[in-house]
>>> print(open('query_38.csv').read())   # CSV, C-alpha atoms
chain,number,residue,atom,x,y,z
A,1,MET,CA,-7.0,-22.2,5.6
A,2,PRO,CA,-4.8,-20.8,8.4
A,3,VAL,CA,-4.8,-17.0,9.0
A,4,LYS,CA,-1.7,-15.3,7.5
A,5,GLN,CA,0.8,-14.2,10.1
A,6,PHE,CA,2.6,-10.9,9.8
A,7,ALA,CA,5.5,-9.3,11.7
A,8,VAL,CA,6.3,-5.6,11.5
A,9,ILE,CA,9.8,-4.5,12.5
A,10,GLY,CA,10.0,-0.9,13.4
A,11,LEU,CA,6.9,0.7,14.8
A,12,GLY,CA,7.3,4.3,13.6
A,13,ARG,CA,4.5,6.1,11.8
A,14,PHE,CA,4.7,3.8,8.8
A,15,GLY,CA,5.2,0.5,10.6
A,16,SER,CA,2.5,1.2,13.3
A,17,SER,CA,0.0,2.1,10.6
A,18,VAL,CA,0.7,-1.1,8.6
A,19,ALA,CA,0.6,-3.2,11.8
A,20,LYS,CA,-2.7,-1.7,13.1
A,21,THR,CA,-4.4,-1.9,9.8
A,22,LEU,CA,-3.5,-5.6,9.4
A,23,ALA,CA,-4.7,-6.4,12.9
A,24,GLN,CA,-8.0,-4.6,12.3
A,25,MET,CA,-8.4,-6.8,9.2
A,26,GLY,CA,-8.2,-9.8,11.4
A,27,TYR,CA,-4.7,-11.0,10.9
A,28,GLU,CA,-2.2,-12.1,13.5
A,29,VAL,CA,0.4,-9.4,13.8
A,30,LEU,CA,3.7,-9.3,15.8
A,31,GLY,CA,5.2,-5.8,16.3
A,32,ILE,CA,8.9,-5.4,17.1
A,33,ASP,CA,10.7,-2.2,18.1
A,34,ASP,CA,13.6,-1.3,20.3
A,35,ASP,CA,11.6,1.5,22.1
A,36,ILE,CA,9.7,0.1,25.1
A,37,GLU,CA,7.3,3.1,25.1
A,38,VAL,CA,6.4,2.5,21.5
A,39,VAL,CA,5.9,-1.3,22.1
A,40,ASN,CA,3.7,-0.6,25.1
A,41,ASN,CA,1.6,1.9,23.1
A,42,MET,CA,0.9,-0.8,20.5
A,43,ALA,CA,0.3,-3.7,22.9
A,44,ASP,CA,-3.5,-3.4,22.8
A,45,SER,CA,-3.7,-3.0,19.0
A,46,LEU,CA,-1.7,-6.1,18.0
A,47,THR,CA,-1.6,-9.8,18.6
A,48,SER,CA,1.7,-9.3,20.4
A,49,SER,CA,4.4,-6.6,20.6
A,50,VAL,CA,8.0,-7.1,21.7
A,51,LYS,CA,10.9,-4.8,22.6
A,52,ALA,CA,14.0,-6.2,21.0
A,53,ASP,CA,17.4,-5.3,19.6
A,54,ILE,CA,16.5,-5.3,15.9
A,55,LEU,CA,20.0,-6.2,14.9
A,56,ASP,CA,20.2,-9.3,17.1
A,57,GLU,CA,19.8,-12.3,14.9
A,58,GLN,CA,19.3,-14.6,17.9
A,59,VAL,CA,16.2,-12.5,19.0
A,60,PHE,CA,14.6,-13.1,15.6
A,61,LYS,CA,15.3,-16.8,15.9
A,62,THR,CA,13.8,-16.9,19.4
A,63,LEU,CA,10.7,-15.2,18.1
A,64,GLY,CA,10.4,-17.7,15.2
A,65,ILE,CA,10.5,-15.0,12.7
A,66,GLY,CA,11.2,-17.5,9.9
A,67,ASN,CA,7.7,-18.9,10.3
A,68,PHE,CA,5.9,-15.7,9.5
A,69,ASP,CA,4.3,-15.4,6.1
A,70,VAL,CA,5.2,-11.8,5.6
A,71,VAL,CA,7.6,-9.5,7.5
A,72,VAL,CA,7.5,-5.8,7.0
A,73,VAL,CA,10.7,-3.9,7.6
A,74,GLY,CA,9.7,-0.3,8.5
A,75,LEU,CA,13.1,1.0,9.3
A,76,GLY,CA,13.3,3.6,6.5
A,77,LYS,CA,15.3,6.2,8.4
A,78,GLU,CA,17.8,3.7,9.6
A,79,ILE,CA,19.1,2.7,6.2
A,80,GLN,CA,22.0,0.4,7.3
A,81,ALA,CA,19.8,-1.3,9.8
A,82,SER,CA,17.0,-1.9,7.3
A,83,ILE,CA,19.5,-3.5,4.9
A,84,LEU,CA,21.0,-5.7,7.5
A,85,VAL,CA,17.6,-6.8,8.9
A,86,THR,CA,16.4,-7.6,5.4
A,87,VAL,CA,19.5,-9.9,4.8
A,88,MET,CA,18.9,-11.6,8.1
A,89,LEU,CA,15.2,-12.3,7.4
A,90,LYS,CA,15.9,-13.8,4.0
A,91,GLU,CA,18.7,-16.0,5.5
A,92,MET,CA,16.1,-17.2,8.1
A,93,GLY,CA,13.8,-18.3,5.3
A,94,VAL,CA,11.0,-15.6,5.6
A,95,LYS,CA,8.8,-16.2,2.5
A,96,GLU,CA,8.1,-12.5,1.8
A,97,VAL,CA,10.0,-9.5,3.0
A,98,VAL,CA,8.5,-6.0,2.4
A,99,ALA,CA,10.9,-3.2,3.1
A,100,LYS,CA,10.5,0.5,3.4
A,101,ALA,CA,13.0,2.6,1.5
A,102,ARG,CA,13.9,6.3,1.7
A,103,THR,CA,15.6,6.8,-1.6
A,104,GLU,CA,15.8,5.1,-5.0
A,105,LEU,CA,19.3,3.9,-4.2
A,106,HIS,CA,18.2,2.6,-0.8
A,107,GLY,CA,15.4,0.7,-2.6
A,108,ARG,CA,17.8,-0.8,-5.2
A,109,VAL,CA,20.1,-2.1,-2.4
A,110,LEU,CA,17.2,-3.6,-0.6
A,111,GLU,CA,16.1,-5.4,-3.8
A,112,ARG,CA,19.7,-6.7,-4.3
A,113,VAL,CA,19.9,-8.1,-0.8
A,114,GLY,CA,16.6,-10.0,-1.2
A,115,ALA,CA,13.6,-7.8,-0.4
A,116,ASP,CA,10.6,-9.2,-2.2
A,117,LYS,CA,8.9,-5.9,-2.3
A,118,VAL,CA,10.2,-2.3,-1.7
A,119,VAL,CA,7.8,0.5,-0.8
A,120,PHE,CA,8.5,4.3,-0.9
A,121,PRO,CA,5.7,5.7,1.4
A,122,GLU,CA,7.1,9.3,1.5
A,123,ARG,CA,7.6,9.4,-2.3
A,124,ASP,CA,4.3,7.8,-3.1
A,125,MET,CA,2.5,10.2,-0.7
A,126,GLY,CA,4.2,13.1,-2.4
A,127,VAL,CA,3.1,11.9,-5.8
A,128,ARG,CA,-0.5,11.5,-4.5
A,129,LEU,CA,-0.5,15.0,-3.0
A,130,ALA,CA,0.9,16.6,-6.1
A,131,ARG,CA,-1.8,15.0,-8.2
A,132,ALA,CA,-4.5,16.1,-5.8
A,133,LEU,CA,-3.1,19.7,-5.9
A,134,VAL,CA,-3.2,20.0,-9.7
A,135,SER,CA,-6.3,18.0,-10.5
A,136,LYS,CA,-9.8,18.9,-9.6
A,137,ASN,CA,-11.2,15.4,-9.5
A,138,ILE,CA,-8.4,12.8,-8.8
A,139,MET,CA,-8.9,11.6,-5.2
A,140,ASP,CA,-6.3,8.9,-5.0
A,141,GLN,CA,-4.1,6.7,-7.2
A,142,ILE,CA,-2.3,3.4,-6.5
A,143,ALA,CA,0.3,2.1,-9.0
A,144,LEU,CA,-0.3,-1.5,-9.9
A,145,SER,CA,2.7,-1.7,-12.3
A,146,PRO,CA,4.9,0.8,-14.2
A,147,GLU,CA,2.1,1.3,-16.7
A,148,TYR,CA,-1.2,0.6,-14.9
A,149,SER,CA,-2.8,2.2,-11.9
A,150,LEU,CA,-6.0,2.0,-9.8
A,151,MET,CA,-7.5,5.4,-9.4
A,152,GLU,CA,-10.3,6.9,-7.3
A,153,VAL,CA,-11.8,9.8,-9.2
A,154,ALA,CA,-14.8,12.1,-8.6
A,155,ALA,CA,-17.2,11.5,-11.5
A,156,PRO,CA,-16.5,14.1,-14.2
A,157,ALA,CA,-19.4,16.3,-15.2
A,158,VAL,CA,-19.5,14.7,-18.7
A,159,PHE,CA,-20.1,11.3,-17.0
A,160,VAL,CA,-23.1,12.4,-14.9
A,161,ASN,CA,-26.5,11.0,-15.8
A,162,LYS,CA,-25.1,8.5,-18.3
A,163,THR,CA,-25.1,4.7,-18.0
A,164,LEU,CA,-21.8,3.0,-18.1
A,165,ASP,CA,-22.9,1.4,-21.4
A,166,LYS,CA,-23.6,4.8,-22.9
A,167,LEU,CA,-20.5,6.3,-21.5
A,168,GLY,CA,-18.3,3.6,-23.2
A,169,ALA,CA,-15.6,4.0,-20.6
A,170,ARG,CA,-13.5,1.2,-22.0
A,171,GLN,CA,-13.9,2.0,-25.6
A,172,LYS,CA,-13.7,5.8,-25.4
A,173,TYR,CA,-11.5,6.3,-22.4
A,174,GLY,CA,-9.6,3.0,-22.1
A,175,ILE,CA,-10.6,2.5,-18.5
A,176,SER,CA,-12.6,0.0,-16.5
A,177,VAL,CA,-15.0,1.0,-13.7
A,178,LEU,CA,-14.6,-1.5,-10.9
A,179,ALA,CA,-16.8,0.2,-8.3
A,180,ILE,CA,-18.8,3.3,-7.6
A,181,ARG,CA,-18.9,4.9,-4.1
A,182,ARG,CA,-22.1,6.8,-3.6
A,183,GLY,CA,-22.2,8.2,-0.1
A,184,ALA,CA,-22.2,5.3,2.3
A,185,GLU,CA,-23.2,2.8,-0.5
A,186,VAL,CA,-20.6,1.0,-2.6
A,187,VAL,CA,-21.6,-0.5,-5.9
A,188,ILE,CA,-19.2,-3.4,-6.7
A,189,SER,CA,-18.8,-4.4,-10.4
A,190,PRO,CA,-21.6,-2.1,-11.6
A,191,SER,CA,-23.7,-3.3,-14.5
A,192,ALA,CA,-23.7,-1.7,-17.9
A,193,GLY,CA,-27.0,0.0,-17.1
A,194,GLU,CA,-25.8,1.7,-13.9
A,195,VAL,CA,-26.3,5.4,-14.1
A,196,ILE,CA,-23.5,7.7,-12.8
A,197,LYS,CA,-24.8,10.3,-10.5
A,198,LYS,CA,-23.4,13.7,-9.4
A,199,GLY,CA,-21.1,13.2,-6.4
A,200,ASP,CA,-20.3,9.6,-7.3
A,201,ILE,CA,-16.7,8.5,-6.7
A,202,LEU,CA,-15.5,6.0,-9.3
A,203,VAL,CA,-12.9,3.4,-8.7
A,204,VAL,CA,-11.2,2.8,-12.1
A,205,VAL,CA,-8.3,0.9,-13.5
A,206,GLY,CA,-6.3,1.5,-16.7
A,207,LYS,CA,-3.1,2.6,-18.3
A,208,ASP,CA,-1.6,5.7,-16.7
A,209,THR,CA,-1.6,7.5,-20.0
A,210,GLN,CA,-5.4,7.0,-20.2
A,211,LEU,CA,-6.1,7.8,-16.6
A,212,ARG,CA,-4.3,11.1,-16.9
A,213,LYS,CA,-6.9,12.2,-19.4
A,214,LEU,CA,-9.5,12.0,-16.7
A,215,GLU,CA,-7.7,14.9,-14.9
A,216,THR,CA,-8.8,17.3,-17.7
A,217,LEU,CA,-12.5,16.3,-17.9
>>> encode(input="query_38.csv", output="structure tokens")
Amino acid sequence: MPVKQFAVIGLGRFGSSVAKTLAQMGYEVLGIDDDIEVVNNMADSLTSSVKADILDEQVFKTLGIGNFDVVVVGLGKEIQASILVTVMLKEMGVKEVVAKARTELHGRVLERVGADKVVFPERDMGVRLARALVSKNIMDQIALSPEYSLMEVAAPAVFVNKTLDKLGARQKYGISVLAIRRGAEVVISPSAGEVIKKGDILVVVGKDTQLRKLETL
């Protein structure tokens, strides 16, 4: 099976982070930016990086952008440019376009012009920070849908020294424990007899309404 190819347009903080992470995971990544200094700084981290006019359709055609599996548009600050680039990419036949949005309105416009997925990194980071500030045990949360999330939570005191079976996480709390992080060790798909220890970090999934109850334990 061929390795997925990614292109990231706009190598600011968001775009460069996405590009570097994908490259570290072993994927082929092309980075595109109109700032030569930014491009040079990313050169050793990516498969290739190119300085280009991001609004020049011919440049994208020359780069064969339509052949990439996923193209990430990281031009959140340049609202008009991100919309125009998204339109161009879809017209060129890119299978999946992921676009960064600054506002809800910006996001809706990106969806209307063809973006397959719209992300709100600033908003989502703000939500995560707010949760961390008001909760003593929520480490991180990723929305999977409008109703369900994946959450990383420090094991509440009432969970400690209990097996997952005795805890009855699914029946009592409406959540599923997918993994347990215990120092450098990670227990994937823990068995019913796994004992939760003090200091464990639980990776759980469930409805947001159920997950919120963990914040009070």
>>> atom_distance(input="query_38.csv", atom1="CA of Lys51 in chain A", atom2="CA of Ile36 in chain A")
5.6 Å
>>> residues_around(input="query_38.csv", residues="Leu75 in chain A", least_positions_apart="6", cutoff="7 Å", atoms="all atoms listed in the file", output="PyMOL selection string")
chain A and resi 10+82+100
>>> closest_residue(input="query_38.csv", among="A:Arg182, A:Arg108, A:Arg123, A:Lys197", to="Lys162 in chain A", atoms="all atoms listed in the file")
A:Lys197
>>> closest_residue(input="query_38.csv", among="A:Gly31, A:Gly199, A:Gly26, A:Gly168", to="Pro156 in chain A", atoms="all atoms listed in the file")
A:Gly199
>>> atom_distance(input="query_38.csv", atom1="CA of Leu105 in chain A", atom2="CA of Ile54 in chain A")
22.3 Å
>>> closest_residue(input="query_38.csv", among="A:Val72, A:Val85, A:Ile196, A:Ala143", to="Asp116 in chain A", atoms="only C-alpha atoms")
A:Val72
>>> closest_residue(input="query_38.csv", among="A:Ser17, A:Gln5, A:Lys198, A:Val29", to="Phe159 in chain A", atoms="only C-alpha atoms")
A:Lys198
>>> closest_residue(input="query_38.csv", among="A:Ala169, A:Leu89, A:Ala179, A:Ile79", to="Thr103 in chain A", atoms="all atoms listed in the file")
A:Ile79
>>> atom_distance(input="query_38.csv", atom1="CA of Leu178 in chain A", atom2="CA of Val153 in chain A")
11.8 Å
>>> residues_around(input="query_38.csv", residues="Lys20 in chain A", least_positions_apart="3", cutoff="7 Å", atoms="all atoms listed in the file", output="list in words")
Ser16, Ser17, Ala23, Gln24, Ser45 and Leu46 of chain A
>>> write_last_selection(input="query_38.csv", atoms="C-alpha atoms", output="PDB file, in the coordinates of the input")
ATOM      1  CA  SER A  16       2.500   1.200  13.300  1.00  0.00           C
ATOM      2  CA  SER A  17       0.000   2.100  10.600  1.00  0.00           C
ATOM      3  CA  ALA A  23      -4.700  -6.400  12.900  1.00  0.00           C
ATOM      4  CA  GLN A  24      -8.000  -4.600  12.300  1.00  0.00           C
ATOM      5  CA  SER A  45      -3.700  -3.000  19.000  1.00  0.00           C
ATOM      6  CA  LEU A  46      -1.700  -6.100  18.000  1.00  0.00           C
TER       7      LEU A  46
END
>>> residues_around(input="query_38.csv", residues="Val203 in chain A", least_positions_apart="3", cutoff="9 Å", atoms="only C-alpha atoms", output="VMD selection string")
chain A and resid 150 to 154 176 to 181
>>> write_last_selection(input="query_38.csv", atoms="C-alpha atoms", output="compact mmCIF listing (two decimals), in the frame of the given file")
# COMPACT_ATOMS: atom_id res chain seq x y z
CA LEU A 150 -6.00 2.00 -9.80
CA MET A 151 -7.50 5.40 -9.40
CA GLU A 152 -10.30 6.90 -7.30
CA VAL A 153 -11.80 9.80 -9.20
CA ALA A 154 -14.80 12.10 -8.60
CA SER A 176 -12.60 0.00 -16.50
CA VAL A 177 -15.00 1.00 -13.70
CA LEU A 178 -14.60 -1.50 -10.90
CA ALA A 179 -16.80 0.20 -8.30
CA ILE A 180 -18.80 3.30 -7.60
CA ARG A 181 -18.90 4.90 -4.10
